[in-house]
Amino acid sequence: VQGEVGGGSLSRDRLIAYIDGFNLYNGIHDEWKCAQLWLDVVQLVKDLRPKSDLVAVKYFTAYVRDDERARARQRDYIAALQAANPGVLHISLGRFQTKTRACRECGATHRAYEEKETDVNIAVELVSDAAQHRMDSAFLISADSDLAPAVRAARAANPALFVVAAFPPNRYSAELEKLMPASFHIGRSKITGAQLPEIVTASGGRTHSRPAKWGGRSRAGHKAT
């Protein structure tokens, strides 16, 4: 199914969205390279679930290492998201852990990084919110099957909870799909229609611009309040 999940039973329910930042980023990058990375994730959730009362969008990521330019773009993007969506967007940061890997063919070693804590952070927030009945529906934007135990635990804590999985482009999890009463891939039109403005102005006057490397068109001007 492309687009929103509908149904009378979902109308005006309290919704919290949980976004696996790198799962979404990598799916978009695989499909369109950098053109659609300046994405307003809050607007995306609103477009996908327009009949719900959005309580919060929780975005989980980690700052990249050993690439200062990429890290600067990432920081500016997160700052733009926060400026555009005050009070709704909540950022949770994990970390990258250094690992030494060996080439199977020649035995040479090299340094690599592995993202840590994101799936754990999502699991903790999802189960906690479910146990405290903070939402009627949980909206999971990820295709990481490691989140399946958290979905089961959230449902055990709140059997009435309705959980939906929205798979990023080029990402899919059969295990998550089996757990959900509804799941779908996020369509191109939803991604392209939810881009941040080229320049986002925060309440204090600071501006955040779409990185030149992330070129492309976005919605006309927006000022955060």
# chains A, B, ... in the order shown; residues from 1 in each chain; ligands from 1
$ residues_around --residues "range 30-47 of chain A" --least-positions-apart "2" --cutoff "6 Å" --atoms "only C-alpha atoms" --output "number ranges by chain"
A: 26-28, 49-50, 194-196, 214-216
$ write_last_selection --atoms "N, CA, C and O atoms" --output "tab-separated table (two decimals), in the first residue's frame"
chain	number	residue	atom	x	y	z
A	26	ASN	N	19.32	6.08	4.68
A	26	ASN	CA	19.95	5.18	3.71
A	26	ASN	C	18.98	4.73	2.64
A	26	ASN	O	19.35	4.56	1.48
A	27	GLY	N	17.71	4.53	3.02
A	27	GLY	CA	16.72	4.15	2.03
A	27	GLY	C	16.49	5.25	1.00
A	27	GLY	O	16.42	4.98	-0.20
A	28	ILE	N	16.39	6.49	1.47
A	28	ILE	CA	16.22	7.62	0.57
A	28	ILE	C	17.45	7.81	-0.31
A	28	ILE	O	17.35	8.03	-1.52
A	49	ARG	N	-0.46	10.21	8.03
A	49	ARG	CA	-1.55	9.95	8.98
A	49	ARG	C	-2.32	11.24	9.29
A	49	ARG	O	-2.32	11.73	10.41
A	50	PRO	N	-3.00	11.81	8.30
A	50	PRO	CA	-3.64	13.12	8.49
A	50	PRO	C	-4.83	13.10	9.45
A	50	PRO	O	-5.23	14.16	9.94
A	194	ALA	N	7.24	16.39	1.22
A	194	ALA	CA	7.47	16.77	2.61
A	194	ALA	C	8.88	17.32	2.83
A	194	ALA	O	9.43	17.20	3.91
A	195	GLN	N	9.45	17.94	1.80
A	195	GLN	CA	10.78	18.53	1.95
A	195	GLN	C	10.70	19.84	2.75
A	195	GLN	O	9.73	20.58	2.67
A	196	LEU	N	11.74	20.10	3.54
A	196	LEU	CA	11.84	21.37	4.24
A	196	LEU	C	12.03	22.51	3.23
A	196	LEU	O	12.47	22.26	2.10
A	214	TRP	N	22.89	18.62	-1.12
A	214	TRP	CA	21.54	18.07	-1.08
A	214	TRP	C	20.61	18.88	-1.97
A	214	TRP	O	19.48	19.15	-1.63
A	215	GLY	N	21.08	19.32	-3.11
A	215	GLY	CA	20.33	20.19	-3.99
A	215	GLY	C	19.00	19.61	-4.41
A	215	GLY	O	18.73	18.43	-4.30
A	216	GLY	N	18.14	20.48	-4.90
A	216	GLY	CA	16.81	20.08	-5.34
A	216	GLY	C	15.80	21.10	-4.89
A	216	GLY	O	16.13	22.05	-4.19
$ atom_distance --atom1 "CA of Ile122 in chain A" --atom2 "CA of Glu68 in chain A"
26.4 Å
$ select_by_dssp --residues "range 72-204 of chain A" --states "helix (DSSP H, G or I)" --output "ChimeraX atom specification"
/A:72-84,118-131,145-157,174-179,188-192
$ atom_distance --atom1 "CA of Ala165 in chain A" --atom2 "CA of Arg65 in chain A"
29.3 Å
$ atom_distance --atom1 "CA of Val55 in chain A" --atom2 "CA of Leu126 in chain A"
13.2 Å
$ closest_residue --among "A:Glu177, A:Glu117, A:Asp129, A:Asp13" --to "Gly94 in chain A" --atoms "only C-alpha atoms"
A:Glu117
$ residues_around --residues "Ala156 in chain A" --least-positions-apart "5" --cutoff "9 Å" --atoms "only C-alpha atoms" --output "mmCIF file with N, CA and C atoms, in the first residue's frame"
data_model
loop_
_atom_site.group_PDB
_atom_site.id
_atom_site.type_symbol
_atom_site.label_atom_id
_atom_site.label_comp_id
_atom_site.auth_asym_id
_atom_site.auth_seq_id
_atom_site.Cartn_x
_atom_site.Cartn_y
_atom_site.Cartn_z
ATOM 1 N N ALA A 130 3.989 3.024 25.505
ATOM 2 C CA ALA A 130 2.855 2.091 25.474
ATOM 3 C C ALA A 130 2.376 1.765 26.882
ATOM 4 N N ALA A 131 3.312 1.510 27.792
ATOM 5 C CA ALA A 131 2.951 1.142 29.164
ATOM 6 C C ALA A 131 2.229 2.279 29.879
ATOM 7 N N VAL A 151 8.201 -4.220 19.685
ATOM 8 C CA VAL A 151 6.795 -4.157 19.288
ATOM 9 C C VAL A 151 5.981 -5.147 20.102
#
$ select_by_dssp --residues "chain A" --states "strand (DSSP E or B)" --output "JSON, numbers by chain"
{"A": [2, 14, 15, 16, 17, 18, 19, 20, 39, 53, 54, 55, 56, 57, 58, 59, 60, 61, 89, 90, 91, 92, 93, 95, 96, 97, 98, 99, 100, 101, 102, 109, 110, 111, 112, 113, 114, 115, 116, 137, 138, 139, 140, 141, 162, 163, 164, 165, 166, 167, 182, 183, 184, 185, 195, 199, 200, 201, 207, 208, 209, 222, 223]}
$ closest_residue --among "A:Thr61, A:Asn170, A:Ser137, A:Thr201" --to "Asp20 in chain A" --atoms "only C-alpha atoms"
A:Thr61
$ closest_residue --among "A:Pro197, A:His133, A:Ala84, A:Ile19" --to "Leu147 in chain A" --atoms "only C-alpha atoms"
A:Ile19
$ closest_residue --among "A:Leu15, A:Val163, A:Ala83, A:Leu24" --to "Asp53 in chain A" --atoms "only C-alpha atoms"
A:Leu15
$ closest_residue --among "A:Asn23, A:Ser128, A:Ser142, A:Ser183" --to "Ala157 in chain A" --atoms "only C-alpha atoms"
A:Ser128
$ residues_around --residues "Met180 in chain A" --least-positions-apart "6" --cutoff "12 Å" --atoms "only C-alpha atoms" --output "MDAnalysis selection string"
chainID A and resid 137:140 148 151:152 155 161:167 173:174
$ write_last_selection --atoms "N, CA and C atoms" --output "PDB file, in the first residue's frame"
ATOM      1  N   SER A 137      -1.985   4.910  18.930  1.00  0.00           N
ATOM      2  CA  SER A 137      -1.303   4.287  17.808  1.00  0.00           C
ATOM      3  C   SER A 137       0.174   4.637  17.835  1.00  0.00           C
ATOM      4  N   ALA A 138       0.997   3.663  17.452  1.00  0.00           N
ATOM      5  CA  ALA A 138       2.432   3.874  17.295  1.00  0.00           C
ATOM      6  C   ALA A 138       2.774   3.706  15.825  1.00  0.00           C
ATOM      7  N   PHE A 139       3.548   4.646  15.309  1.00  0.00           N
ATOM      8  CA  PHE A 139       3.894   4.670  13.892  1.00  0.00           C
ATOM      9  C   PHE A 139       5.404   4.499  13.792  1.00  0.00           C
ATOM     10  N   LEU A 140       5.848   3.368  13.297  1.00  0.00           N
ATOM     11  CA  LEU A 140       7.259   3.026  13.259  1.00  0.00           C
ATOM     12  C   LEU A 140       7.795   3.156  11.839  1.00  0.00           C
ATOM     13  N   ALA A 148      11.459  -5.899  16.426  1.00  0.00           N
ATOM     14  CA  ALA A 148      10.314  -6.789  16.628  1.00  0.00           C
ATOM     15  C   ALA A 148      10.059  -7.098  18.106  1.00  0.00           C
ATOM     16  N   VAL A 151       8.201  -4.220  19.685  1.00  0.00           N
ATOM     17  CA  VAL A 151       6.795  -4.157  19.288  1.00  0.00           C
ATOM     18  C   VAL A 151       5.981  -5.147  20.102  1.00  0.00           C
ATOM     19  N   ARG A 152       6.494  -6.352  20.276  1.00  0.00           N
ATOM     20  CA  ARG A 152       5.785  -7.362  21.070  1.00  0.00           C
ATOM     21  C   ARG A 152       5.629  -6.902  22.517  1.00  0.00           C
ATOM     22  N   ARG A 155       2.983  -4.130  22.835  1.00  0.00           N
ATOM     23  CA  ARG A 155       1.627  -4.673  22.755  1.00  0.00           C
ATOM     24  C   ARG A 155       1.249  -5.427  24.025  1.00  0.00           C
ATOM     25  N   LEU A 161      -3.041  -1.144  21.868  1.00  0.00           N
ATOM     26  CA  LEU A 161      -2.186  -0.315  21.023  1.00  0.00           C
ATOM     27  C   LEU A 161      -2.209  -0.799  19.568  1.00  0.00           C
ATOM     28  N   PHE A 162      -2.381   0.140  18.656  1.00  0.00           N
ATOM     29  CA  PHE A 162      -2.351  -0.144  17.218  1.00  0.00           C
ATOM     30  C   PHE A 162      -0.984   0.290  16.691  1.00  0.00           C
ATOM     31  N   VAL A 163      -0.227  -0.647  16.138  1.00  0.00           N
ATOM     32  CA  VAL A 163       1.129  -0.359  15.672  1.00  0.00           C
ATOM     33  C   VAL A 163       1.198  -0.527  14.156  1.00  0.00           C
ATOM     34  N   VAL A 164       1.728   0.480  13.487  1.00  0.00           N
ATOM     35  CA  VAL A 164       1.855   0.481  12.021  1.00  0.00           C
ATOM     36  C   VAL A 164       3.330   0.626  11.661  1.00  0.00           C
ATOM     37  N   ALA A 165       3.786  -0.137  10.684  1.00  0.00           N
ATOM     38  CA  ALA A 165       5.144   0.008  10.171  1.00  0.00           C
ATOM     39  C   ALA A 165       5.105   0.679   8.807  1.00  0.00           C
ATOM     40  N   ALA A 166       5.910   1.729   8.654  1.00  0.00           N
ATOM     41  CA  ALA A 166       6.084   2.386   7.357  1.00  0.00           C
ATOM     42  C   ALA A 166       7.525   2.149   6.928  1.00  0.00           C
ATOM     43  N   PHE A 167       7.727   1.368   5.883  1.00  0.00           N
ATOM     44  CA  PHE A 167       9.069   1.022   5.444  1.00  0.00           C
ATOM     45  C   PHE A 167       9.646   2.117   4.553  1.00  0.00           C
ATOM     46  N   SER A 173      11.042  -5.391   6.004  1.00  0.00           N
ATOM     47  CA  SER A 173      11.231  -6.416   7.016  1.00  0.00           C
ATOM     48  C   SER A 173      10.001  -7.317   7.042  1.00  0.00           C
ATOM     49  N   ALA A 174      10.180  -8.574   6.653  1.00  0.00           N
ATOM     50  CA  ALA A 174       9.078  -9.530   6.690  1.00  0.00           C
ATOM     51  C   ALA A 174       8.630  -9.771   8.133  1.00  0.00           C
TER      52      ALA A 174
END
